[in-house]
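Printed here is protein10.txt (compact mmCIF, C-alpha atoms):
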# COMPACT_ATOMS: atom_id res chain seq x y z
CA ALA A 8 228.95 -191.29 -68.16
CA GLN A 9 230.69 -194.51 -69.00
CA SER A 10 231.78 -195.82 -72.37
CA VAL A 11 233.53 -198.75 -73.98
CA THR A 12 235.72 -198.79 -77.06
CA GLN A 13 236.54 -202.01 -78.85
CA LEU A 14 239.45 -201.63 -81.24
CA GLY A 15 238.96 -203.60 -84.41
CA SER A 16 235.50 -204.49 -85.60
CA HIS A 17 236.89 -207.59 -87.32
CA VAL A 18 239.76 -209.80 -86.21
CA SER A 19 241.00 -212.88 -88.08
CA VAL A 20 243.33 -215.48 -86.61
CA SER A 21 244.48 -218.90 -87.67
CA GLU A 22 243.35 -221.94 -85.76
CA GLY A 23 245.80 -222.49 -82.91
CA ALA A 24 246.99 -218.88 -82.86
CA LEU A 25 246.66 -216.40 -80.03
CA VAL A 26 243.39 -214.49 -79.82
CA LEU A 27 243.59 -210.88 -78.62
CA LEU A 28 240.48 -208.70 -78.58
CA ARG A 29 240.96 -205.18 -77.31
CA CYS A 30 238.68 -203.23 -75.01
CA ASN A 31 239.20 -199.83 -73.40
CA TYR A 32 236.74 -198.24 -71.04
CA SER A 33 235.97 -194.85 -69.63
CA SER A 34 234.52 -194.64 -66.16
CA SER A 35 234.35 -192.03 -63.42
CA VAL A 36 234.03 -194.71 -60.74
CA PRO A 37 235.66 -198.13 -60.31
CA PRO A 38 234.23 -200.16 -63.16
CA TYR A 39 232.68 -203.56 -63.32
CA LEU A 40 233.64 -205.08 -66.66
CA PHE A 41 232.26 -207.97 -68.64
CA TRP A 42 232.93 -209.86 -71.85
CA TYR A 43 230.05 -211.49 -73.68
CA VAL A 44 230.03 -213.70 -76.78
CA GLN A 45 227.24 -213.86 -79.33
CA TYR A 46 226.96 -216.78 -81.72
CA PRO A 47 224.79 -216.39 -84.83
CA ASN A 48 221.07 -216.25 -84.06
CA GLN A 49 221.68 -216.53 -80.34
CA GLY A 50 221.69 -214.27 -77.33
CA LEU A 51 224.70 -213.00 -75.44
CA GLN A 52 226.56 -215.47 -73.28
CA LEU A 53 228.73 -214.30 -70.40
CA LEU A 54 232.41 -215.21 -70.88
CA LEU A 55 233.88 -213.57 -67.80
CA LYS A 56 233.58 -210.64 -65.45
CA TYR A 57 235.80 -208.34 -63.41
CA THR A 58 234.37 -206.86 -60.26
CA THR A 59 237.07 -206.50 -57.59
CA GLY A 60 240.13 -208.44 -56.50
CA ALA A 61 242.37 -210.33 -58.88
CA THR A 62 243.01 -208.38 -62.05
CA LEU A 63 243.51 -211.48 -64.19
CA VAL A 64 240.13 -213.06 -64.70
CA LYS A 65 239.55 -216.50 -66.14
CA GLY A 66 236.38 -217.32 -67.98
CA ILE A 67 234.76 -220.11 -69.90
CA ASN A 68 236.12 -221.80 -73.02
CA GLY A 69 239.74 -220.97 -72.15
CA PHE A 70 239.33 -217.19 -72.34
CA GLU A 71 240.83 -214.76 -69.86
CA ALA A 72 241.09 -211.01 -69.48
CA GLU A 73 243.30 -208.67 -67.53
CA PHE A 74 242.06 -205.49 -65.90
CA LYS A 75 244.68 -202.74 -66.19
CA LYS A 76 243.55 -199.62 -64.41
CA SER A 77 246.51 -197.51 -65.56
CA GLU A 78 245.68 -198.29 -69.18
CA THR A 79 241.89 -198.36 -68.68
CA SER A 80 241.91 -201.63 -70.58
CA PHE A 81 240.27 -205.04 -70.27
CA HIS A 82 241.61 -207.03 -73.22
CA LEU A 83 240.35 -210.56 -73.89
CA THR A 84 242.82 -213.31 -74.76
CA LYS A 85 242.91 -216.99 -75.53
CA PRO A 86 246.21 -218.81 -76.11
CA SER A 87 245.01 -221.04 -78.92
CA ALA A 88 242.04 -220.30 -81.15
CA HIS A 89 239.55 -222.99 -82.07
CA MET A 90 237.14 -222.97 -84.98
CA SER A 91 234.27 -222.93 -82.51
CA ASP A 92 235.47 -219.53 -81.18
CA ALA A 93 234.23 -217.78 -84.31
CA ALA A 94 231.58 -215.36 -83.05
CA GLU A 95 231.03 -211.74 -82.12
CA TYR A 96 232.48 -210.56 -78.84
CA PHE A 97 231.23 -207.64 -76.78
CA CYS A 98 232.95 -205.82 -73.95
CA ALA A 99 230.63 -204.08 -71.49
CA VAL A 100 230.87 -201.85 -68.44
CA SER A 101 228.28 -201.76 -65.71
CA SER A 102 227.08 -198.31 -64.82
CA SER A 103 224.76 -197.24 -62.10
CA SER A 104 222.54 -194.40 -61.15
CA GLY A 105 221.06 -194.82 -57.71
CA SER A 106 219.60 -198.29 -57.65
CA ALA A 107 219.46 -198.59 -61.41
CA ARG A 108 221.90 -200.73 -63.32
CA GLN A 109 222.62 -200.93 -67.01
CA LEU A 110 225.29 -202.31 -69.25
CA THR A 111 227.03 -200.09 -71.75
CA PHE A 112 228.39 -202.18 -74.60
CA GLY A 113 231.19 -201.69 -77.06
CA SER A 114 230.43 -201.97 -80.75
CA GLY A 115 231.61 -205.57 -80.87
CA THR A 116 234.44 -207.48 -82.54
CA GLN A 117 233.71 -210.20 -85.05
CA LEU A 118 236.25 -212.98 -84.65
CA THR A 119 237.01 -215.19 -87.66
CA VAL A 120 239.10 -218.33 -87.19
CA LEU A 121 240.87 -219.53 -90.30
CA PRO A 122 241.67 -223.23 -90.80
CA ASP B 26 220.64 -222.17 -71.77
CA SER B 27 220.64 -218.89 -69.82
CA GLY B 28 217.27 -219.56 -68.20
CA VAL B 29 215.82 -216.36 -69.67
CA THR B 30 212.92 -217.04 -72.04
CA GLN B 31 211.77 -214.63 -74.71
CA THR B 32 208.74 -215.00 -76.94
CA PRO B 33 208.16 -214.85 -79.79
CA LYS B 34 211.48 -215.58 -81.47
CA HIS B 35 210.46 -213.84 -84.66
CA LEU B 36 207.85 -211.21 -85.36
CA ILE B 37 206.95 -209.74 -88.72
CA THR B 38 204.54 -206.86 -88.90
CA ALA B 39 203.79 -203.65 -90.78
CA THR B 40 204.42 -200.00 -90.13
CA GLY B 41 201.96 -198.37 -87.77
CA GLN B 42 201.21 -201.58 -85.91
CA ARG B 43 201.69 -202.44 -82.25
CA VAL B 44 203.47 -205.50 -80.85
CA THR B 45 204.23 -206.98 -77.44
CA LEU B 46 207.43 -208.83 -76.63
CA ARG B 47 207.49 -211.08 -73.61
CA CYS B 48 210.30 -212.06 -71.25
CA SER B 49 210.48 -214.54 -68.38
CA PRO B 50 213.56 -213.99 -66.22
CA ARG B 51 215.70 -216.68 -64.64
CA SER B 52 214.14 -218.25 -61.59
CA GLY B 53 214.79 -216.02 -58.60
CA ASP B 54 215.94 -212.97 -60.59
CA LEU B 55 214.15 -209.76 -59.68
CA SER B 56 215.74 -207.42 -62.23
CA VAL B 57 214.79 -207.37 -65.89
CA TYR B 58 216.52 -205.30 -68.54
CA TRP B 59 215.58 -204.67 -72.16
CA TYR B 60 218.10 -203.97 -74.93
CA GLN B 61 217.82 -203.25 -78.62
CA GLN B 62 220.44 -204.51 -81.07
CA SER B 63 220.58 -203.01 -84.55
CA LEU B 64 223.27 -202.77 -87.19
CA ASP B 65 223.53 -198.99 -87.00
CA GLN B 66 223.10 -198.45 -83.25
CA GLY B 67 224.66 -201.61 -81.84
CA LEU B 68 223.45 -202.79 -78.42
CA GLN B 69 221.45 -200.09 -76.67
CA PHE B 70 219.97 -200.22 -73.20
CA LEU B 71 216.26 -199.45 -73.17
CA ILE B 72 214.85 -199.90 -69.68
CA HIS B 73 215.39 -201.63 -66.32
CA TYR B 74 212.75 -202.96 -63.94
CA TYR B 75 213.34 -204.29 -60.46
CA ASN B 76 210.64 -206.22 -58.64
CA GLY B 77 207.89 -204.51 -60.58
CA GLU B 78 209.25 -200.98 -60.42
CA GLU B 79 210.90 -199.04 -63.19
CA ARG B 80 214.47 -198.16 -62.20
CA ALA B 81 216.11 -196.64 -65.24
CA LYS B 82 215.39 -195.59 -68.77
CA GLY B 83 217.94 -195.52 -71.53
CA ASN B 84 217.46 -194.77 -75.19
CA ILE B 85 213.82 -195.78 -75.21
CA LEU B 86 211.42 -194.02 -77.53
CA GLU B 87 208.15 -192.61 -76.21
CA ARG B 88 206.34 -195.05 -78.52
CA PHE B 89 207.85 -197.88 -76.48
CA SER B 90 206.80 -198.88 -73.00
CA ALA B 91 207.41 -201.77 -70.67
CA GLN B 92 206.16 -203.27 -67.45
CA GLN B 93 207.07 -206.01 -65.02
CA PHE B 94 204.28 -208.06 -63.54
CA PRO B 95 203.92 -209.54 -60.01
CA ASP B 96 205.16 -212.91 -61.29
CA LEU B 97 208.25 -210.99 -62.50
CA HIS B 98 207.79 -211.57 -66.19
CA SER B 99 208.09 -208.46 -68.30
CA GLU B 100 206.59 -207.15 -71.49
CA LEU B 101 207.94 -204.59 -73.92
CA ASN B 102 205.27 -202.83 -75.94
CA LEU B 103 206.21 -201.17 -79.21
CA SER B 104 203.59 -199.02 -80.94
CA SER B 105 203.25 -196.96 -84.12
CA LEU B 106 206.02 -199.09 -85.54
CA GLU B 107 208.42 -197.63 -88.08
CA LEU B 108 210.85 -199.31 -90.45
CA GLY B 109 213.71 -198.23 -88.21
CA ASP B 110 212.34 -200.25 -85.33
CA SER B 111 213.42 -203.44 -87.07
CA ALA B 112 215.98 -204.95 -84.72
CA LEU B 113 216.78 -207.73 -82.31
CA TYR B 114 215.31 -207.08 -78.87
CA PHE B 115 216.95 -208.77 -75.91
CA CYS B 116 215.79 -209.26 -72.40
CA ALA B 117 218.29 -209.90 -69.61
CA SER B 118 217.88 -210.63 -65.93
CA SER B 119 219.95 -210.53 -62.75
CA PRO B 120 219.23 -211.41 -59.12
CA SER B 121 218.90 -207.83 -57.90
CA THR B 122 220.56 -204.55 -58.73
CA GLY B 123 224.15 -205.16 -57.74
CA ASN B 124 226.70 -203.70 -60.11
CA ASN B 125 228.82 -206.82 -59.87
CA GLN B 126 226.01 -209.12 -60.91
CA PRO B 127 226.25 -210.21 -64.52
CA GLN B 128 223.14 -209.99 -66.62
CA HIS B 129 221.96 -213.18 -68.30
CA PHE B 130 220.44 -212.76 -71.73
CA GLY B 131 217.66 -214.49 -73.56
CA ASP B 132 217.92 -215.44 -77.22
CA GLY B 133 216.05 -212.34 -78.32
CA THR B 134 213.05 -211.48 -80.44
CA ARG B 135 213.80 -210.54 -84.02
CA LEU B 136 211.35 -207.85 -85.11
CA SER B 137 210.96 -207.15 -88.81
CA ILE B 138 208.86 -204.24 -89.99
CA LEU B 139 207.66 -204.41 -93.58
Transcribe the structure of this file into structure tokens.
Amino acid sequence: AQSVTQLGSHVSVSEGALVLLRCNYSSSVPPYLFWYVQYPNQGLQLLLKYTTGATLVKGINGFEAEFKKSETSFHLTKPSAHMSDAAEYFCAVSSSSGSARQLTFGSGTQLTVLP
Amino acid sequence: DSGVTQTPKHLITATGQRVTLRCSPRSGDLSVYWYQQSLDQGLQFLIHYYNGEERAKGNILERFSAQQFPDLHSELNLSSLELGDSALYFCASSPSTGNNQPQHFGDGTRLSIL
């Protein structure tokens, strides 16, 4: 079984400050990891993904994440927060059983950006 | 725009009723996934279809069922509705079943049970 833990259900940062959203995973096989963002009344939009290869992954809107196997972590960062980054962020791990695929999501982190 | 279309956007109904949620995947995607998002349970995987065949079931109640049609659109049927079924239901699609393929989500159907 695979699981995802997002530390901090709410994170507040000032505009221009560093954004750090934490994600730890549990997986018995090499994981495929994803970050999604959800704006109010919208669906989930893919920010970035880690499959294999480079452990530092760059995504859209200036976000990036680093896969650290030794720490079983996949934290999301952005050097400088913008007001438009306020949203809920979900970390997810892709699990498989035979030819079936599903995403297991963390509980989400609500990001507030203060002016 | 993810390319995944869900209808209707909002649905209000009463306990005991039956509803059907519809999803059209992105052009060319063969896999369709259904998820439920609620305040108490978060985002929960319900079911996965690939090219018309059911591939996996998650936390899906027996009162719920789904199917994927030859044109690849999918429907999620919810019956004998209860207050606790009020939630946001998402459909997602991906090209096939590869683990490294991200799933692209629709905007969801918000179901309210009165």
Item to check | Distance-based interface of chain A with chain B, 6 Å, counting all atoms listed in the file, as a list in words | outcome: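 Close to chain B, chain A has Gln49, Gly50, Leu51, Thr58, Ala107 and Ser114 of chain A.
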Checklist entry - From the set B:Thr38, B:Ser105, B:Thr30, B:Gln93, which residue has the shortest atom-to-atom contact distance to Val57 in chain B, counting all atoms listed in the file? => result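 Of the candidates, the smallest distance to Val57 in chain B is held by B:Gln93.
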Checklist entry - What does the distance from CA of Ala61 in chain A to CA of Gln109 in chain A come to in Å, to one decimal? => result 23.3 Å
Next on the checklist: Give me, as a VMD selection string, all polymer residues having an atom no more than 8 Å from Pro38 in chain A, counting all atoms listed in the file and skipping those fewer than 3 positions away in the same chain.
Outcome noted: chain A and resid 34 58 100 to 102
Generate a file of the selected residues that holds C-alpha atoms, formatted as an mmCIF file, in the coordinates of the input.
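selection-v9.cif written:
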data_model
loop_
_atom_site.group_PDB
_atom_site.id
_atom_site.type_symbol
_atom_site.label_atom_id
_atom_site.label_comp_id
_atom_site.auth_asym_id
_atom_site.auth_seq_id
_atom_site.Cartn_x
_atom_site.Cartn_y
_atom_site.Cartn_z
ATOM 1 C CA SER A 34 234.520 -194.640 -66.160
ATOM 2 C CA THR A 58 234.370 -206.860 -60.260
ATOM 3 C CA VAL A 100 230.870 -201.850 -68.440
ATOM 4 C CA SER A 101 228.280 -201.760 -65.710
ATOM 5 C CA SER A 102 227.080 -198.310 -64.820
#
Next on the checklist: Using only C-alpha atoms - which residues lie no farther than 6 Å from the point (232.4, -213.0, -70.7) in the file's frame? Write them as a PyMOL selection string.
Outcome noted: chain A and resi 41-43+53-56
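The space separating CA of Thr45 in chain B from CA of Gln31 in chain B comes to 11.1 Å.
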Checklist entry - What gap, in Å, lies between CA of Arg51 in chain B and CA of Gln52 in chain A? => result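 We find that CA of Arg51 in chain B and CA of Gln52 in chain A lie 13.9 Å from each other.
Here the question is which of A:Phe81, A:Phe70, A:Tyr46, A:Phe97 gets nearest to Ser16 in chain A using all atoms listed in the file, and that residue is A:Phe97.
For Thr62 in chain A, the residues within 12 Å (counting all atoms listed in the file, excluding itself and residues fewer than 6 positions away along the chain) are Tyr39, Leu40, Leu55, Lys56, Glu71, Ala72, Glu73, Phe74, Lys75, Lys76, Ser77, Ser80, Phe81 and His82 of chain A.
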Need the shell around Ser33 in chain A: protein/DNA/RNA residues with any atom at most 7 Å away, counting all atoms listed in the file. Skip same-chain ones fewer than 3 positions apart. Format as a PDB file with C-alpha atoms, keeping the file's coordinate frame?
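Listing of out_34.pdb after writing:
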ATOM      1  CA  GLN A   9     230.690-194.510 -69.000  1.00  0.00           C
ATOM      2  CA  SER A  10     231.780-195.820 -72.370  1.00  0.00           C
ATOM      3  CA  VAL A  11     233.530-198.750 -73.980  1.00  0.00           C
ATOM      4  CA  THR A  79     241.890-198.360 -68.680  1.00  0.00           C
TER       5      THR A  79
END
Checklist entry - Excluding same-chain residues fewer than 5 positions from Asp54 in chain B, what lies within 7 Å of it counting all atoms listed in the file, as a VMD selection string? => result chain B and resid 118 to 121
Checklist entry - Excluding same-chain residues fewer than 3 positions from Gly15 in chain A, what lies within 8 Å of it counting only C-alpha atoms, as a ChimeraX atom specification? => result /A:18,28-29,116
If the box runs along x, y and z of the file and leaves 8 Å on each side of range 28-43 of chain B, what are its centre and edge lengths in Å, one decimal, as JSON?
{"center_x": 209.2, "center_y": -209.0, "center_z": -79.5, "size_x": 32.1, "size_y": 37.2, "size_z": 38.6}
